[in-house]
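Undergrad: Data: input28.txt, compact mmCIF, C-alpha atoms and all ligand atoms.
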```txt
# COMPACT_ATOMS: atom_id res chain seq x y z
CA MET A 133 33.06 246.11 200.04
CA THR A 134 34.62 242.69 200.58
CA ALA A 135 33.17 239.53 199.02
CA PRO A 136 31.42 237.09 201.37
CA PRO A 137 34.08 234.75 202.84
CA ASP A 138 33.82 231.27 201.28
CA GLU A 139 33.98 229.44 204.62
CA LEU A 140 31.01 231.43 205.93
CA VAL A 141 29.00 230.94 202.75
CA ALA A 142 29.62 227.18 202.91
CA ALA A 143 28.61 227.02 206.59
CA ALA A 144 25.49 229.13 206.03
CA ARG A 145 24.48 226.97 203.06
CA ARG A 146 24.78 223.79 205.12
CA VAL A 147 22.50 225.03 207.89
CA HIS A 148 20.09 226.77 205.48
CA ALA A 149 19.40 223.32 204.04
CA GLU A 150 18.51 222.06 207.55
CA ALA A 151 16.14 224.88 208.54
CA TYR A 152 12.98 223.79 210.38
CA CYS A 153 10.35 226.14 208.95
CA PRO A 154 7.17 224.18 208.14
CA TYR A 155 4.95 227.21 208.86
CA SER A 156 6.62 230.02 206.93
CA GLY A 157 8.44 227.84 204.40
CA TYR A 158 11.19 230.47 204.56
CA ARG A 159 14.56 228.90 205.23
CA VAL A 160 17.31 230.99 206.77
CA GLY A 161 20.91 229.99 207.51
CA ALA A 162 23.28 232.27 209.40
CA ALA A 163 27.03 231.78 209.81
CA LEU A 164 29.24 233.91 212.03
CA ARG A 165 33.00 234.30 212.05
CA THR A 166 33.75 234.73 215.75
CA ASP A 167 36.57 234.66 218.28
CA VAL A 168 35.84 230.92 218.74
CA GLY A 169 35.70 230.08 215.03
CA VAL A 170 32.81 229.71 212.60
CA VAL A 171 29.41 228.93 214.11
CA ALA A 172 26.16 228.57 212.21
CA ALA A 173 22.47 227.89 212.79
CA ALA A 174 19.16 227.82 210.97
CA ASN A 175 15.74 229.16 211.92
CA VAL A 176 13.64 226.85 214.08
CA GLU A 177 9.88 227.34 214.02
CA ASN A 178 7.25 225.95 216.38
CA ALA A 179 3.55 225.08 216.21
CA ALA A 180 3.21 227.76 218.89
CA TYR A 181 4.26 230.37 216.36
CA PRO A 182 5.83 233.06 218.59
CA LEU A 183 8.30 230.52 219.98
CA GLY A 184 10.14 230.22 216.68
CA THR A 185 13.72 231.44 216.67
CA CYS A 186 15.69 233.22 213.99
CA ALA A 187 18.82 231.70 212.49
CA GLU A 188 20.97 234.56 213.76
CA ALA A 189 19.72 234.07 217.32
CA GLY A 190 20.57 230.37 217.18
CA ALA A 191 24.05 231.08 215.86
CA ILE A 192 24.69 233.68 218.56
CA ALA A 193 23.55 231.22 221.25
CA ALA A 194 25.94 228.60 219.83
CA MET A 195 28.81 231.11 219.88
CA VAL A 196 28.16 232.06 223.50
CA ALA A 197 27.91 228.38 224.50
CA LEU A 198 31.44 227.92 223.10
CA GLY A 199 32.73 230.89 225.08
CA GLY A 200 32.65 233.29 222.15
CA ARG A 201 31.97 236.99 222.65
CA ARG A 202 32.99 238.62 219.38
CA ILE A 203 31.38 238.53 215.93
CA GLU A 204 33.70 239.56 213.10
CA ALA A 205 31.60 238.82 210.00
CA VAL A 206 28.21 237.36 209.14
CA VAL A 207 26.66 235.54 206.17
CA VAL A 208 22.88 235.10 206.02
CA ILE A 209 21.35 232.90 203.32
CA THR A 210 17.62 233.02 202.71
CA ASP A 211 15.02 231.72 200.34
CA GLY A 212 13.17 234.14 198.09
CA ASP A 213 14.14 236.11 195.03
CA ARG A 214 16.06 238.82 196.83
CA PRO A 215 18.48 238.74 199.76
CA GLY A 216 16.71 238.72 203.12
CA VAL A 217 18.25 241.02 205.71
CA PRO A 218 18.35 240.32 209.46
CA CYS A 219 15.15 241.36 211.24
CA GLY A 220 15.18 244.26 213.66
CA GLY A 221 15.55 242.03 216.71
CA CYS A 222 18.49 240.19 215.15
CA ARG A 223 20.19 243.46 214.26
CA GLN A 224 20.13 244.27 217.97
CA ARG A 225 21.38 240.77 218.88
CA LEU A 226 24.25 241.03 216.39
CA SER A 227 25.11 244.51 217.59
CA GLU A 228 25.69 243.24 221.16
CA PHE A 229 28.71 241.22 219.98
CA ALA A 230 29.80 242.94 216.74
CA GLY A 231 31.35 246.34 216.22
CA ASP A 232 29.69 248.84 213.90
CA ALA A 233 32.24 247.97 211.21
CA ALA A 234 31.52 244.22 211.15
CA VAL A 235 30.14 243.18 207.78
CA VAL A 236 26.89 241.30 207.13
CA HIS A 237 26.55 239.62 203.73
CA CYS A 238 23.00 238.64 202.74
CA LEU A 239 22.63 236.05 199.97
CA VAL A 240 19.78 234.24 198.31
CA ALA A 241 20.14 230.47 198.10
CA ASP A 242 19.59 230.25 194.35
CA ALA A 243 20.71 233.60 192.97
CA PRO A 244 24.02 235.43 192.68
CA GLU A 245 22.82 238.71 194.19
CA VAL A 246 24.57 239.75 197.43
CA LEU A 247 23.57 242.62 199.68
CA THR A 248 26.42 243.74 201.93
CA ARG A 249 26.01 246.08 204.88
CA THR A 250 27.90 246.90 208.05
CA VAL A 251 26.25 246.33 211.40
CA GLY A 252 26.34 250.11 211.87
CA GLU A 253 24.40 250.61 208.64
CA LEU A 254 21.81 248.03 209.65
CA LEU A 255 21.37 249.51 213.13
CA PRO A 256 22.46 253.14 213.36
CA ASP A 257 22.57 254.76 216.81
CA ALA A 258 22.35 251.32 218.39
CA PHE A 259 21.44 250.91 222.02
CA GLY A 260 24.24 248.94 223.68
CA PRO A 261 26.09 248.06 226.87
CA ALA A 262 27.52 251.58 227.18
CA ASP A 263 24.00 252.97 227.54
CA LEU A 264 23.64 251.05 230.78
CA GLY A 265 26.48 252.99 232.40
CA GLU A 266 29.07 251.28 234.53
CA ARG A 267 27.63 247.78 234.36
CA GLU A 268 30.29 245.13 233.69
CA THR A 269 30.21 242.82 230.67
CA ASP A 270 32.95 240.46 229.49
CA LEU A 271 32.83 242.01 226.04
CA GLU A 272 36.07 243.48 224.72
CA MET A 273 34.91 246.43 222.64
N1 LIG B 1 13.96 234.71 210.19
C1 LIG B 1 15.27 234.51 210.55
O1 LIG B 1 15.70 233.38 210.78
N2 LIG B 1 16.07 235.61 210.63
C2 LIG B 1 15.67 236.88 210.37
O2 LIG B 1 16.44 237.80 210.59
C3 LIG B 1 14.36 237.12 209.79
C4 LIG B 1 13.39 236.02 209.90
C5 LIG B 1 13.07 233.55 210.13
C6 LIG B 1 12.03 233.52 211.22
C7 LIG B 1 10.95 232.67 210.60
O3 LIG B 1 11.27 231.30 210.84
C8 LIG B 1 11.09 232.93 209.11
O4 LIG B 1 12.36 233.53 208.93
C9 LIG B 1 10.00 233.85 208.56
O5 LIG B 1 9.93 235.02 209.28
```
For the file at hand, write its structure as structure tokens.
Ligand code: THU
TA:
Amino acid sequence: MTAPPDELVAAARRVHAEAYCPYSGYRVGAALRTDVGVVAAANVENAAYPLGTCAEAGAIAAMVALGGRRIEAVVVITDGDRPGVPCGGCRQRLSEFAGDAAVVHCLVADAPEVLTRTVGELLPDAFGPADLGERETDLEM
């Protein structure tokens, strides 16, 4: 599969360094190549633990705020000694805006290992807009 695009790795690294994660100590940076350019965000935790947000969720919110509706590729950078993959909830969030073929590259901040998967591999048989029938979205699938 393709190598992680340099511009996404650079953007994910920048936000990974800014993660607010005093409770888990686990920094995550996510960068998306989208129809409105590269957007990126880090995880943001909260003293009220369940209110913390994942990096991918923040990046998707930033994309939508810019008018974006399409994710073409993703880079996630985590701490740890092996690449951290998007959580189940974030797989669903990514799937809303990315086709099955979109590629997700998972990197560790301080190691060369890369785990590369398609969105379809991460979330097979995804539930999506089509399951809701004739409801209108502004997604171009
Ligand atoms: N986290 C993410 O940012 N993305 C994921 O897909 C998995 C988990 C964050 C949430 C929390 O701040 C920390 O990683 C530990 O779970």
Undergrad: So that I can see what lies close to Ala173 (chain A), please list as a list in words the residues with an atom at most 10 Å from it, counting only C-alpha atoms and leaving out residues fewer than 6 positions away in the same chain.
TA: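 In the requested form, the answer reads Ala143, Ala144, Arg145, Arg146, Val147, His148, Glu150, Ala151, Val160, Gly161, Ala162, Ala163, Leu164, Cys186, Ala187, Glu188, Ala189, Gly190, Ala191, Ile192, Ala193, Ala194 and Val208 of chain A.
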Undergrad: Give me, please, the distance in Å between CA of Val206 (chain A) and atom O1 of ligand LIG 1 (chain B), quoted to one decimal.
TA: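 Between CA of Val206 (chain A) and atom O1 of ligand LIG 1 (chain B) the gap is 13.2 Å.
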Undergrad: Place a sphere of radius 10 Å on (34.2, 229.7, 205.4) in the file coordinates and name every protein, DNA or RNA residue with an atom inside or on its surface, counting all atoms listed in the file; give the answer as a count of residues only.
TA: 16
Undergrad: List every residue of chain A that has an atom at most 10 Å from any atom of ligand LIG 1 (chain B), giving for each one its closest atom pair and the distance in Å to one decimal, counting all atoms listed in the file, sorted by chain and then by ascending residue number, as CSV.
TA:
```
residue,atom,partner,partner_atom,distance
A:His148,CA,B:LIG1,O1,9.5
A:Ala151,CA,B:LIG1,O3,8.4
A:Tyr152,CA,B:LIG1,O3,7.7
A:Cys153,CA,B:LIG1,O3,5.6
A:Pro154,CA,B:LIG1,O3,8.6
A:Tyr155,CA,B:LIG1,O3,7.8
A:Ser156,CA,B:LIG1,C9,5.4
A:Gly157,CA,B:LIG1,C8,7.4
A:Tyr158,CA,B:LIG1,C8,5.2
A:Arg159,CA,B:LIG1,O4,6.3
A:Val160,CA,B:LIG1,O1,4.9
A:Gly161,CA,B:LIG1,O1,7.0
A:Ala162,CA,B:LIG1,O1,7.8
A:Ala173,CA,B:LIG1,O1,8.9
A:Ala174,CA,B:LIG1,O1,6.6
A:Asn175,CA,B:LIG1,O1,4.4
A:Val176,CA,B:LIG1,O3,6.0
A:Glu177,CA,B:LIG1,O3,5.3
A:Asn178,CA,B:LIG1,O3,8.7
A:Tyr181,CA,B:LIG1,O3,9.0
A:Pro182,CA,B:LIG1,C7,9.5
A:Leu183,CA,B:LIG1,O3,9.6
A:Gly184,CA,B:LIG1,O3,6.0
A:Thr185,CA,B:LIG1,C6,6.1
A:Cys186,CA,B:LIG1,O1,3.2
A:Ala187,CA,B:LIG1,O1,3.9
A:Glu188,CA,B:LIG1,N2,5.9
A:Ala189,CA,B:LIG1,O1,7.7
A:Gly190,CA,B:LIG1,O1,8.6
A:Val208,CA,B:LIG1,N2,8.2
A:Ile209,CA,B:LIG1,O1,9.4
A:Thr210,CA,B:LIG1,O4,8.2
A:Asp211,CA,B:LIG1,O4,9.2
A:Gly216,CA,B:LIG1,C3,7.3
A:Val217,CA,B:LIG1,O2,6.1
A:Pro218,CA,B:LIG1,O2,3.4
A:Cys219,CA,B:LIG1,O2,3.8
A:Gly220,CA,B:LIG1,O2,7.3
A:Gly221,CA,B:LIG1,O2,7.5
A:Cys222,CA,B:LIG1,O2,5.5
A:Arg223,CA,B:LIG1,O2,7.7
```
Undergrad: Kindly give the distance, in Å, that separates CA of Glu245 (chain A) and CA of Pro215 (chain A), rounded to a single decimal.
TA: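 Going from CA of Glu245 (chain A) over to CA of Pro215 (chain A) covers 7.1 Å.
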Undergrad: Record the distance separating CA of Val246 (chain A) and CA of Ala258 (chain A), expressed in Å with one decimal.
TA: 24.0 Å
Undergrad: Name the residues in contact with Ala233 (chain A) at a cut-off of 8 Å, using all atoms listed in the file, excluding same-chain residues fewer than 2 positions from it; report them as an MDAnalysis selection string.
TA: chainID A and resid 230:231 235 250:252
Undergrad: Show me, as a ChimeraX atom specification, the residues that have an atom within 9 Å of Gly260 (chain A) when counting only C-alpha atoms, minus same-chain residues fewer than 5 positions from it.
TA: /A:224,227-228
Undergrad: Could you turn the residues from that selection into a file that holds C-alpha atoms, as a short mmCIF file (atom, residue, chain, number, x, y, z; two decimals), in the frame of the given file?
TA:
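Result went into part-v2.cif, see below:
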```cif
data_model
loop_
_atom_site.label_atom_id
_atom_site.label_comp_id
_atom_site.auth_asym_id
_atom_site.auth_seq_id
_atom_site.Cartn_x
_atom_site.Cartn_y
_atom_site.Cartn_z
CA GLN A 224 20.13 244.27 217.97
CA SER A 227 25.11 244.51 217.59
CA GLU A 228 25.69 243.24 221.16
#
```
Undergrad: Counting only C-alpha atoms, write as a ChimeraX atom specification all protein and nucleic acid residues lying at most 10 Å from (31.8, 234.9, 225.4) in the file's frame.
TA: /A:166-168,192-193,195-202,229,269-272
Undergrad: For Arg214 (chain A), which residue out of A:Ala180, A:Val236, A:Ala172, A:Ala241 is the nearest one, using all atoms listed in the file?
TA: A:Ala241
Undergrad: Counting all atoms listed in the file, figure out which residue out of A:Asp263, A:Glu253, A:Asp213, A:Glu204 gets nearest to Leu239 (chain A).
TA: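 Going through A:Asp263, A:Glu253, A:Asp213, A:Glu204 one by one, the smallest distance to Leu239 (chain A) is for A:Asp213.
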Undergrad: Mind rebuilding region 247-259 of chain A with N, CA and C atoms and writing that out as a PDB file, in the coordinates of the input?
TA:
```pdb
ATOM      1  N   LEU A 247      23.753 241.304 199.083  1.00  0.00           N
ATOM      2  CA  LEU A 247      23.570 242.620 199.680  1.00  0.00           C
ATOM      3  C   LEU A 247      24.513 242.687 200.881  1.00  0.00           C
ATOM      4  N   THR A 248      25.400 243.656 200.883  1.00  0.00           N
ATOM      5  CA  THR A 248      26.420 243.740 201.930  1.00  0.00           C
ATOM      6  C   THR A 248      26.262 245.043 202.698  1.00  0.00           C
ATOM      7  N   ARG A 249      26.184 244.918 204.013  1.00  0.00           N
ATOM      8  CA  ARG A 249      26.010 246.080 204.880  1.00  0.00           C
ATOM      9  C   ARG A 249      26.890 245.909 206.118  1.00  0.00           C
ATOM     10  N   THR A 250      27.267 247.017 206.738  1.00  0.00           N
ATOM     11  CA  THR A 250      27.900 246.900 208.050  1.00  0.00           C
ATOM     12  C   THR A 250      26.801 246.838 209.119  1.00  0.00           C
ATOM     13  N   VAL A 251      27.199 246.362 210.282  1.00  0.00           N
ATOM     14  CA  VAL A 251      26.250 246.330 211.400  1.00  0.00           C
ATOM     15  C   VAL A 251      25.784 247.755 211.728  1.00  0.00           C
ATOM     16  N   GLY A 252      26.690 248.709 211.609  1.00  0.00           N
ATOM     17  CA  GLY A 252      26.340 250.110 211.870  1.00  0.00           C
ATOM     18  C   GLY A 252      25.318 250.647 210.881  1.00  0.00           C
ATOM     19  N   GLU A 253      25.398 250.196 209.647  1.00  0.00           N
ATOM     20  CA  GLU A 253      24.400 250.610 208.640  1.00  0.00           C
ATOM     21  C   GLU A 253      23.047 249.970 208.933  1.00  0.00           C
ATOM     22  N   LEU A 254      23.077 248.730 209.380  1.00  0.00           N
ATOM     23  CA  LEU A 254      21.810 248.030 209.650  1.00  0.00           C
ATOM     24  C   LEU A 254      21.132 248.566 210.901  1.00  0.00           C
ATOM     25  N   LEU A 255      21.944 249.043 211.861  1.00  0.00           N
ATOM     26  CA  LEU A 255      21.370 249.510 213.130  1.00  0.00           C
ATOM     27  C   LEU A 255      22.100 250.769 213.595  1.00  0.00           C
ATOM     28  N   PRO A 256      21.792 251.905 212.951  1.00  0.00           N
ATOM     29  CA  PRO A 256      22.460 253.140 213.360  1.00  0.00           C
ATOM     30  C   PRO A 256      22.002 253.567 214.764  1.00  0.00           C
ATOM     31  N   ASP A 257      22.888 254.267 215.463  1.00  0.00           N
ATOM     32  CA  ASP A 257      22.570 254.760 216.810  1.00  0.00           C
ATOM     33  C   ASP A 257      22.093 253.630 217.720  1.00  0.00           C
ATOM     34  N   ALA A 258      22.789 252.507 217.634  1.00  0.00           N
ATOM     35  CA  ALA A 258      22.350 251.320 218.390  1.00  0.00           C
ATOM     36  C   ALA A 258      22.388 251.555 219.897  1.00  0.00           C
ATOM     37  N   PHE A 259      21.412 251.009 220.562  1.00  0.00           N
ATOM     38  CA  PHE A 259      21.440 250.910 222.020  1.00  0.00           C
ATOM     39  C   PHE A 259      22.389 249.781 222.378  1.00  0.00           C
TER      40      PHE A 259
END
```
